[in-house]
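Q: Following this line is entry18.cif, made up of mmCIF, C-alpha atoms:
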data_protein
#
loop_
_atom_site.group_PDB
_atom_site.id
_atom_site.type_symbol
_atom_site.label_atom_id
_atom_site.label_comp_id
_atom_site.auth_asym_id
_atom_site.auth_seq_id
_atom_site.Cartn_x
_atom_site.Cartn_y
_atom_site.Cartn_z
ATOM 1 C CA MET A 1 79.672 134.714 88.083
ATOM 2 C CA ARG A 2 75.991 135.339 88.604
ATOM 3 C CA ILE A 3 74.608 132.158 90.153
ATOM 4 C CA LEU A 4 71.004 131.201 90.872
ATOM 5 C CA VAL A 5 70.821 128.797 93.818
ATOM 6 C CA THR A 6 67.482 127.082 94.403
ATOM 7 C CA GLY A 7 66.886 125.796 97.925
ATOM 8 C CA ALA A 8 69.332 128.429 99.162
ATOM 9 C CA ALA A 9 67.954 128.498 102.717
ATOM 10 C CA GLY A 10 68.400 124.771 103.268
ATOM 11 C CA PHE A 11 71.223 122.842 104.877
ATOM 12 C CA ILE A 12 73.478 122.444 101.844
ATOM 13 C CA GLY A 13 72.121 125.486 100.020
ATOM 14 C CA SER A 14 72.958 127.961 102.762
ATOM 15 C CA ASN A 15 76.456 126.563 103.281
ATOM 16 C CA LEU A 16 77.035 126.692 99.516
ATOM 17 C CA THR A 17 75.701 130.256 99.320
ATOM 18 C CA ASP A 18 78.119 131.417 102.006
ATOM 19 C CA ALA A 19 81.034 129.773 100.176
ATOM 20 C CA LEU A 20 80.077 131.299 96.812
ATOM 21 C CA LEU A 21 79.727 134.761 98.312
ATOM 22 C CA ALA A 22 83.147 134.376 99.920
ATOM 23 C CA GLY A 23 84.449 133.464 96.458
ATOM 24 C CA GLY A 24 83.269 136.776 95.004
ATOM 25 C CA HIS A 25 80.175 135.571 93.149
ATOM 26 C CA THR A 26 76.793 137.285 92.951
ATOM 27 C CA ILE A 27 74.012 135.040 94.226
ATOM 28 C CA LEU A 28 70.238 135.023 93.943
ATOM 29 C CA GLY A 29 68.786 132.491 96.346
ATOM 30 C CA LEU A 30 65.326 131.086 95.670
ATOM 31 C CA ASP A 31 63.543 129.225 98.474
ATOM 32 C CA ASN A 32 59.887 128.701 99.367
ATOM 33 C CA PHE A 33 60.548 128.144 103.109
ATOM 34 C CA ASN A 34 58.159 125.188 103.213
ATOM 35 C CA ASP A 35 57.216 123.526 106.486
ATOM 36 C CA PHE A 36 59.164 120.271 106.057
ATOM 37 C CA TYR A 37 60.976 121.649 109.094
ATOM 38 C CA ASP A 38 60.802 124.957 110.961
ATOM 39 C CA PRO A 39 61.105 127.839 108.434
ATOM 40 C CA ALA A 40 62.664 129.942 111.193
ATOM 41 C CA LEU A 41 65.687 127.632 111.140
ATOM 42 C CA LYS A 42 66.016 128.163 107.393
ATOM 43 C CA ALA A 43 65.845 131.925 107.864
ATOM 44 C CA ARG A 44 68.613 131.675 110.463
ATOM 45 C CA ASN A 45 70.735 129.713 107.976
ATOM 46 C CA LEU A 46 70.855 132.812 105.767
ATOM 47 C CA THR A 47 71.760 135.334 108.455
ATOM 48 C CA ALA A 48 75.275 135.906 107.128
ATOM 49 C CA ALA A 49 74.241 135.814 103.463
ATOM 50 C CA GLN A 50 71.526 138.418 103.909
ATOM 51 C CA ALA A 51 74.073 140.865 105.284
ATOM 52 C CA HIS A 52 76.173 140.491 102.114
ATOM 53 C CA PRO A 53 75.677 143.065 99.333
ATOM 54 C CA ALA A 54 76.069 140.433 96.586
ATOM 55 C CA PHE A 55 73.163 138.298 97.820
ATOM 56 C CA GLU A 56 69.458 138.569 97.058
ATOM 57 C CA LEU A 57 66.775 136.288 98.488
ATOM 58 C CA VAL A 58 63.529 135.577 96.671
ATOM 59 C CA ARG A 59 60.853 133.705 98.616
ATOM 60 C CA GLY A 60 59.033 131.642 96.043
ATOM 61 C CA ASP A 61 58.417 128.242 94.520
ATOM 62 C CA ILE A 62 60.191 126.535 91.610
ATOM 63 C CA LEU A 63 56.731 125.421 90.424
ATOM 64 C CA ASP A 64 55.751 129.068 89.884
ATOM 65 C CA ARG A 65 56.674 129.408 86.212
ATOM 66 C CA ALA A 66 55.938 133.124 86.035
ATOM 67 C CA LEU A 67 58.150 133.811 89.039
ATOM 68 C CA VAL A 68 60.964 131.655 87.668
ATOM 69 C CA ALA A 69 60.756 133.418 84.299
ATOM 70 C CA SER A 70 60.897 136.842 85.959
ATOM 71 C CA ILE A 71 63.973 135.837 87.975
ATOM 72 C CA PHE A 72 65.807 134.677 84.850
ATOM 73 C CA ASP A 73 64.810 137.828 82.940
ATOM 74 C CA ARG A 74 65.947 140.167 85.699
ATOM 75 C CA PHE A 75 68.911 138.368 87.266
ATOM 76 C CA ARG A 76 70.293 136.705 84.108
ATOM 77 C CA PRO A 77 72.248 133.900 85.796
ATOM 78 C CA ASP A 78 75.374 132.419 84.287
ATOM 79 C CA VAL A 79 74.802 129.124 86.115
ATOM 80 C CA VAL A 80 71.831 127.504 87.858
ATOM 81 C CA VAL A 81 72.546 125.320 90.900
ATOM 82 C CA HIS A 82 69.393 123.345 91.587
ATOM 83 C CA LEU A 83 69.235 122.109 95.181
ATOM 84 C CA ALA A 84 65.545 122.699 95.924
ATOM 85 C CA ALA A 85 63.598 119.480 96.490
ATOM 86 C CA TRP A 86 61.426 117.638 98.921
ATOM 87 C CA ALA A 87 63.990 115.447 100.634
ATOM 88 C CA GLY A 88 63.943 112.253 102.660
ATOM 89 C CA VAL A 89 63.335 108.617 101.824
ATOM 90 C CA ARG A 90 60.718 107.727 104.437
ATOM 91 C CA PRO A 91 58.508 110.828 104.002
ATOM 92 C CA SER A 92 58.410 110.230 100.256
ATOM 93 C CA ILE A 93 56.675 106.904 100.814
ATOM 94 C CA ASP A 94 53.820 108.735 102.535
ATOM 95 C CA ARG A 95 53.625 111.641 100.037
ATOM 96 C CA PRO A 96 54.785 110.355 96.643
ATOM 97 C CA ALA A 97 52.661 112.742 94.580
ATOM 98 C CA LEU A 98 54.190 115.765 96.295
ATOM 99 C CA TYR A 99 57.713 114.468 95.660
ATOM 100 C CA GLN A 100 56.880 113.821 92.025
ATOM 101 C CA GLN A 101 55.433 117.297 91.593
ATOM 102 C CA VAL A 102 58.224 119.282 93.211
ATOM 103 C CA ASN A 103 61.248 117.157 92.336
ATOM 104 C CA ILE A 104 60.313 116.292 88.744
ATOM 105 C CA GLU A 105 57.995 119.061 87.580
ATOM 106 C CA GLY A 106 60.017 121.699 89.404
ATOM 107 C CA THR A 107 63.231 120.485 87.772
ATOM 108 C CA THR A 108 61.520 120.541 84.376
ATOM 109 C CA THR A 109 60.398 124.134 84.967
ATOM 110 C CA LEU A 110 63.988 125.211 85.612
ATOM 111 C CA LEU A 111 65.405 123.272 82.664
ATOM 112 C CA GLU A 112 62.844 124.790 80.312
ATOM 113 C CA GLN A 113 63.566 128.257 81.615
ATOM 114 C CA CYS A 114 67.277 127.691 81.021
ATOM 115 C CA ARG A 115 66.482 126.735 77.420
ATOM 116 C CA SER A 116 64.223 129.711 76.744
ATOM 117 C CA SER A 117 66.554 132.187 78.489
ATOM 118 C CA GLY A 118 69.761 130.925 76.919
ATOM 119 C CA VAL A 119 71.333 129.766 80.187
ATOM 120 C CA ASP A 120 73.551 126.826 79.267
ATOM 121 C CA ARG A 121 75.057 125.663 82.583
ATOM 122 C CA PHE A 122 73.120 123.640 85.158
ATOM 123 C CA VAL A 123 74.264 121.815 88.309
ATOM 124 C CA PHE A 124 71.737 119.350 89.727
ATOM 125 C CA ALA A 125 71.750 117.935 93.254
ATOM 126 C CA SER A 126 71.097 114.216 92.969
ATOM 127 C CA SER A 127 71.438 111.567 95.658
ATOM 128 C CA SER A 128 73.188 108.313 96.472
ATOM 129 C CA SER A 129 69.685 106.886 96.936
ATOM 130 C CA VAL A 130 69.453 106.405 93.158
ATOM 131 C CA TYR A 131 71.705 103.342 93.516
ATOM 132 C CA GLY A 132 69.024 101.410 95.387
ATOM 133 C CA ASP A 133 69.898 98.609 97.789
ATOM 134 C CA ARG A 134 73.067 97.400 96.069
ATOM 135 C CA GLU A 135 75.248 94.574 97.347
ATOM 136 C CA GLN A 136 78.325 95.507 95.331
ATOM 137 C CA VAL A 137 80.427 98.385 96.671
ATOM 138 C CA PRO A 138 81.782 100.948 96.140
ATOM 139 C CA PHE A 139 79.063 102.618 94.080
ATOM 140 C CA ARG A 140 80.291 103.895 90.713
ATOM 141 C CA GLU A 141 78.656 106.375 88.361
ATOM 142 C CA THR A 142 78.547 103.663 85.684
ATOM 143 C CA ASP A 143 76.406 101.349 87.870
ATOM 144 C CA ARG A 144 72.774 100.738 86.943
ATOM 145 C CA VAL A 145 70.317 102.972 88.781
ATOM 146 C CA ASP A 146 67.030 101.593 87.457
ATOM 147 C CA GLU A 147 65.890 99.933 90.701
ATOM 148 C CA PRO A 148 65.168 102.780 93.173
ATOM 149 C CA ILE A 149 63.425 101.645 96.353
ATOM 150 C CA SER A 150 61.698 104.888 97.363
ATOM 151 C CA PRO A 151 59.761 107.609 95.540
ATOM 152 C CA TYR A 152 62.459 110.107 96.567
ATOM 153 C CA ALA A 153 65.153 108.018 94.899
ATOM 154 C CA ALA A 154 62.992 107.619 91.789
ATOM 155 C CA THR A 155 62.525 111.394 91.500
ATOM 156 C CA LYS A 156 66.264 111.990 91.745
ATOM 157 C CA ALA A 157 66.990 109.398 89.074
ATOM 158 C CA ALA A 158 64.331 111.048 86.918
ATOM 159 C CA GLY A 159 65.994 114.427 87.449
ATOM 160 C CA GLU A 160 69.264 113.066 86.100
ATOM 161 C CA LEU A 161 67.484 111.741 83.011
ATOM 162 C CA LEU A 162 65.795 115.099 82.443
ATOM 163 C CA CYS A 163 69.161 116.859 82.619
ATOM 164 C CA TYR A 164 70.545 114.475 80.010
ATOM 165 C CA THR A 165 67.547 115.043 77.749
ATOM 166 C CA TRP A 166 68.010 118.843 77.835
ATOM 167 C CA HIS A 167 71.730 118.324 77.213
ATOM 168 C CA HIS A 168 71.018 116.116 74.203
ATOM 169 C CA LEU A 169 68.255 118.235 72.708
ATOM 170 C CA PHE A 170 69.377 121.755 73.528
ATOM 171 C CA GLY A 171 73.098 121.592 74.324
ATOM 172 C CA LEU A 172 72.693 122.280 78.040
ATOM 173 C CA HIS A 173 75.884 121.651 80.006
ATOM 174 C CA ALA A 174 74.777 119.705 83.077
ATOM 175 C CA HIS A 175 76.463 118.063 86.036
ATOM 176 C CA CYS A 176 74.450 115.717 88.264
ATOM 177 C CA LEU A 177 76.038 115.402 91.710
ATOM 178 C CA ARG A 178 75.136 112.355 93.783
ATOM 179 C CA PHE A 179 75.447 113.425 97.421
ATOM 180 C CA PHE A 180 76.216 110.737 100.010
ATOM 181 C CA THR A 181 74.578 111.260 103.457
ATOM 182 C CA VAL A 182 75.646 114.828 104.131
ATOM 183 C CA TYR A 183 76.023 116.022 107.727
ATOM 184 C CA GLY A 184 77.407 119.063 109.484
ATOM 185 C CA PRO A 185 76.280 122.503 110.737
ATOM 186 C CA ARG A 186 72.683 123.404 109.757
ATOM 187 C CA GLN A 187 71.760 119.785 109.035
ATOM 188 C CA ARG A 188 68.013 119.192 108.909
ATOM 189 C CA PRO A 189 66.616 118.294 112.355
ATOM 190 C CA GLU A 190 65.144 114.941 111.313
ATOM 191 C CA MET A 191 68.391 113.551 109.912
ATOM 192 C CA ALA A 192 70.207 110.934 111.966
ATOM 193 C CA VAL A 193 73.244 112.887 113.149
ATOM 194 C CA HIS A 194 71.162 115.884 114.228
ATOM 195 C CA ARG A 195 68.349 113.810 115.741
ATOM 196 C CA PHE A 196 70.675 111.520 117.702
ATOM 197 C CA THR A 197 72.731 114.466 118.954
ATOM 198 C CA ARG A 198 69.644 116.338 120.114
ATOM 199 C CA LEU A 199 68.143 113.367 121.939
ATOM 200 C CA MET A 200 71.372 112.178 123.548
ATOM 201 C CA ALA A 201 72.176 115.701 124.723
ATOM 202 C CA ARG A 202 68.810 115.740 126.491
ATOM 203 C CA GLY A 203 69.347 112.313 128.042
ATOM 204 C CA GLN A 204 66.516 110.837 125.986
ATOM 205 C CA PRO A 205 66.532 107.439 124.246
ATOM 206 C CA ILE A 206 67.257 107.177 120.540
ATOM 207 C CA THR A 207 65.535 104.827 118.093
ATOM 208 C CA VAL A 208 67.857 102.676 116.005
ATOM 209 C CA TYR A 209 66.386 100.770 113.083
ATOM 210 C CA GLY A 210 67.892 97.318 112.620
ATOM 211 C CA ASP A 211 70.851 95.777 114.447
ATOM 212 C CA GLY A 212 73.201 98.720 113.860
ATOM 213 C CA SER A 213 75.197 97.035 111.094
ATOM 214 C CA SER A 214 73.781 99.151 108.240
ATOM 215 C CA SER A 215 76.412 101.578 106.992
ATOM 216 C CA ARG A 216 76.580 104.937 105.257
ATOM 217 C CA ASP A 217 79.208 107.027 103.527
ATOM 218 C CA TYR A 218 78.734 110.071 105.782
ATOM 219 C CA THR A 219 80.083 113.208 104.092
ATOM 220 C CA TYR A 220 80.841 116.471 105.854
ATOM 221 C CA VAL A 221 79.077 119.457 104.347
ATOM 222 C CA ASP A 222 82.288 121.412 103.705
ATOM 223 C CA ASP A 223 83.536 118.609 101.448
ATOM 224 C CA ILE A 224 80.223 118.549 99.585
ATOM 225 C CA VAL A 225 80.313 122.326 99.118
ATOM 226 C CA ALA A 226 83.864 122.134 97.756
ATOM 227 C CA GLY A 227 82.683 119.561 95.217
ATOM 228 C CA VAL A 228 79.716 121.688 94.146
ATOM 229 C CA VAL A 229 81.895 124.778 93.734
ATOM 230 C CA ALA A 230 84.322 122.774 91.587
ATOM 231 C CA SER A 231 81.419 121.562 89.470
ATOM 232 C CA ILE A 232 80.113 125.111 88.986
ATOM 233 C CA GLU A 233 83.541 126.176 87.755
ATOM 234 C CA ARG A 234 83.912 123.213 85.381
ATOM 235 C CA VAL A 235 80.411 122.310 84.199
ATOM 236 C CA GLN A 236 80.763 121.125 80.612
ATOM 237 C CA GLY A 237 78.888 118.489 78.631
ATOM 238 C CA TYR A 238 76.862 116.005 80.678
ATOM 239 C CA ARG A 239 78.525 114.251 83.622
ATOM 240 C CA ILE A 240 77.483 112.453 86.787
ATOM 241 C CA TYR A 241 79.713 112.591 89.862
ATOM 242 C CA ASN A 242 79.638 110.883 93.240
ATOM 243 C CA LEU A 243 80.390 113.277 96.080
ATOM 244 C CA GLY A 244 81.095 111.253 99.189
ATOM 245 C CA GLU A 245 83.797 110.750 101.798
ATOM 246 C CA SER A 246 84.611 107.318 100.285
ATOM 247 C CA MET A 247 84.547 105.573 103.650
ATOM 248 C CA THR A 248 81.752 103.885 105.560
ATOM 249 C CA THR A 249 80.483 104.106 109.121
ATOM 250 C CA THR A 250 78.028 101.650 110.624
ATOM 251 C CA LEU A 251 74.991 102.908 112.479
ATOM 252 C CA SER A 252 76.416 101.538 115.728
ATOM 253 C CA GLU A 253 79.695 103.369 115.097
ATOM 254 C CA LEU A 254 77.775 106.565 114.399
ATOM 255 C CA VAL A 255 75.902 106.319 117.701
ATOM 256 C CA ASP A 256 79.131 105.641 119.592
ATOM 257 C CA GLY A 257 80.870 108.544 117.846
ATOM 258 C CA ILE A 258 78.131 111.029 118.716
ATOM 259 C CA ALA A 259 78.042 109.771 122.304
ATOM 260 C CA ALA A 260 81.816 110.223 122.581
ATOM 261 C CA ALA A 261 81.622 113.750 121.166
ATOM 262 C CA LEU A 262 78.874 114.622 123.666
ATOM 263 C CA GLY A 263 80.455 112.753 126.581
ATOM 264 C CA VAL A 264 77.299 110.741 127.305
ATOM 265 C CA THR A 265 76.099 107.130 127.357
ATOM 266 C CA PRO A 266 73.400 106.476 124.730
ATOM 267 C CA HIS A 267 70.078 104.851 125.593
ATOM 268 C CA ILE A 268 68.990 102.823 122.567
ATOM 269 C CA GLU A 269 65.590 101.491 121.536
ATOM 270 C CA ARG A 270 65.686 99.131 118.548
ATOM 271 C CA LEU A 271 63.060 98.713 115.842
ATOM 272 C CA PRO A 272 63.057 96.775 112.538
ATOM 273 C CA LEU A 273 64.521 98.319 109.386
ATOM 274 C CA GLN A 274 62.118 100.727 107.689
ATOM 275 C CA PRO A 275 60.761 100.504 104.123
ATOM 276 C CA GLY A 276 62.946 102.397 101.672
ATOM 277 C CA ASP A 277 66.107 102.135 103.797
ATOM 278 C CA VAL A 278 69.184 100.685 102.117
ATOM 279 C CA THR A 279 71.706 98.544 103.961
ATOM 280 C CA ARG A 280 74.806 100.453 102.808
ATOM 281 C CA THR A 281 76.164 103.336 100.761
ATOM 282 C CA PHE A 282 79.779 103.733 99.690
ATOM 283 C CA ALA A 283 80.999 106.191 97.060
ATOM 284 C CA ASP A 284 83.724 105.618 94.518
ATOM 285 C CA VAL A 285 84.929 109.200 93.987
ATOM 286 C CA ALA A 286 87.687 108.481 91.458
ATOM 287 C CA ARG A 287 85.874 110.351 88.678
ATOM 288 C CA ALA A 288 85.290 113.416 90.854
ATOM 289 C CA ARG A 289 88.938 113.359 91.995
ATOM 290 C CA ALA A 290 90.198 113.200 88.415
ATOM 291 C CA GLU A 291 87.810 115.696 86.809
ATOM 292 C CA LEU A 292 86.828 118.070 89.625
ATOM 293 C CA ASP A 293 89.940 117.836 91.826
ATOM 294 C CA TYR A 294 87.545 116.705 94.533
ATOM 295 C CA ASP A 295 89.460 115.806 97.672
ATOM 296 C CA PRO A 296 87.306 115.099 100.760
ATOM 297 C CA GLN A 297 89.157 115.876 103.977
ATOM 298 C CA MET A 298 86.906 115.404 106.989
ATOM 299 C CA GLY A 299 87.198 112.272 109.080
ATOM 300 C CA MET A 300 84.122 111.102 110.935
ATOM 301 C CA ALA A 301 85.384 111.703 114.486
ATOM 302 C CA GLU A 302 86.402 115.291 113.752
ATOM 303 C CA GLY A 303 83.232 115.939 111.739
ATOM 304 C CA LEU A 304 81.055 114.793 114.636
ATOM 305 C CA ARG A 305 83.073 116.888 117.069
ATOM 306 C CA ARG A 306 82.477 119.958 114.906
ATOM 307 C CA PHE A 307 78.791 119.190 114.561
ATOM 308 C CA VAL A 308 78.355 118.824 118.326
ATOM 309 C CA ALA A 309 80.203 122.115 118.869
ATOM 310 C CA TRP A 310 77.867 123.823 116.383
ATOM 311 C CA TYR A 311 74.812 122.217 118.027
ATOM 312 C CA ARG A 312 75.816 123.431 121.465
ATOM 313 C CA ALA A 313 76.480 126.914 120.119
ATOM 314 C CA GLN A 314 72.856 127.104 118.962
ATOM 315 C CA GLY A 315 71.673 127.040 122.554
#
Reformat the file's structure so that it appears as structure tokens.
A:
Amino acid sequence: MRILVTGAAGFIGSNLTDALLAGGHTILGLDNFNDFYDPALKARNLTAAQAHPAFELVRGDILDRALVASIFDRFRPDVVVHLAAWAGVRPSIDRPALYQQVNIEGTTTLLEQCRSSGVDRFVFASSSSVYGDREQVPFRETDRVDEPISPYAATKAAGELLCYTWHHLFGLHAHCLRFFTVYGPRQRPEMAVHRFTRLMARGQPITVYGDGSSSRDYTYVDDIVAGVVASIERVQGYRIYNLGESMTTTLSELVDGIAAALGVTPHIERLPLQPGDVTRTFADVARARAELDYDPQMGMAEGLRRFVAWYRAQG
């Protein structure tokens, strides 16, 4: 297949690109290399892909309608995998207009280009944040998602609605994949696993928000990539899928696990919970198991060990 991957230089995008190339697909990666974190790290993410003859990188923005149109006209993708977005709950509270512009208007640009170019398969990266601060677990795709508690979450929920609208009006086949706290090699530097690893490795204190009892369904990137690939191969109609590990780890357990993998004792500074943070996430993945053959494999201890090994290998 010919697959357009937006956000191809990012954490998930670059890992997905490598997997798709290994699977024999032809990939055009679109990424604007913004400064949310060091663009040099994003360039390094694509080192292997750029040596592959079936990969092309375009540096550009999903808001650039002329550029997007030219890519569709020239590359003629069979499927669009839309990962590009401004990410992060806390930063979205400070810059809501930017998140609205990129995550909603950018998604609309791609959906409209699919319609006008006759591309009828679309895979959208959503987020577990759309569930809000729910008490009832596990989270199911049939749960209400009309109470997001951050602008980022609101933009992801809006993206799902836009995908449904284009499905209803124009027959677009669309899968919306709700990712649950992805970690692993190439993870963004500000995310908890990467940040804690970096600081603990340097003997510096880490900041923990709350009493450590908040919990997340941490999902190793290889399991996420396997779910996305399965979605690309099966995208039909309109469906929403949770992609998680379907197990939870408390913040305190995460800190202890990283410390054990590094062989250090953590130094912890505690602050109150931050606005936009939820107390728990926990994915019910029964639908993804049944319809995508999704089968997450990575336990937390082994996933952290692999992440620490990757971190140390970066020098």
Q: I'd like to see the residues matched by the PyMOL selection byres ((chain A and resi 151-154) around 6) on this file, and ideally I'd get them as a list in words.
A: Val89, Ser92, Pro96, Ser129, Val130, Pro148, Ser150, Thr155, Lys156 and Ala157 of chain A
Q: Report, in Å with one decimal, the straight-line distance from atom CA of Leu30 of chain A to atom CA of Asp61 of chain A.
A: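 Interatomic distance, atom CA of Leu30 of chain A to atom CA of Asp61 of chain A: 7.6 Å.
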Q: Since I can't run it myself right now, could you work out what the PyMOL selection byres ((chain A and resi 133-147) around 9) selects here and report it as a list in words?
A: Ser128, Ser129, Val130, Tyr131, Gly132, Pro148, Ile149, Ala154, Ala157, Arg178, Ile240, Tyr241, Asn242, Ser246, Gly276, Asp277, Val278, Thr279, Arg280, Thr281, Phe282, Ala283, Asp284, Val285, Ala286 and Arg287 of chain A
Q: Apply the PyMOL selection byres ((chain A and resi 179-193) around 8) to the file shown and report the selected residues as a PyMOL selection string.
A: chain A and resi 10-12+37+45+125-128+177-178+194-197+216-222+224+242-245+254+258+281-283+303-304+306-307+310-311
Q: Around the point (82.9, 124.6, 97.0) (coordinates from the file), which residues reach within 10 Å if we count all atoms listed in the file? Answer as a VMD selection string.
A: chain A and resid 15 to 20 23 221 to 233 294
Q: Please measure the separation of atom CA of Gly29 of chain A and atom CA of Ile3 of chain A, giving the value in Å to one decimal.
A: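 Atom CA of Ile3 of chain A lies at a distance of 8.5 Å from atom CA of Gly29 of chain A.
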Q: As a list of chain:residue names, please: the residues near Thr47 of chain A (cut-off 12 Å, only C-alpha atoms, same-chain neighbours under 6 positions excluded).
A: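 So the residues in contact are A:Ala8, A:Ala9, A:Ser14, A:Asn15, A:Thr17, A:Asp18, A:Ala40, A:Leu41, A:Phe55, A:Leu57.
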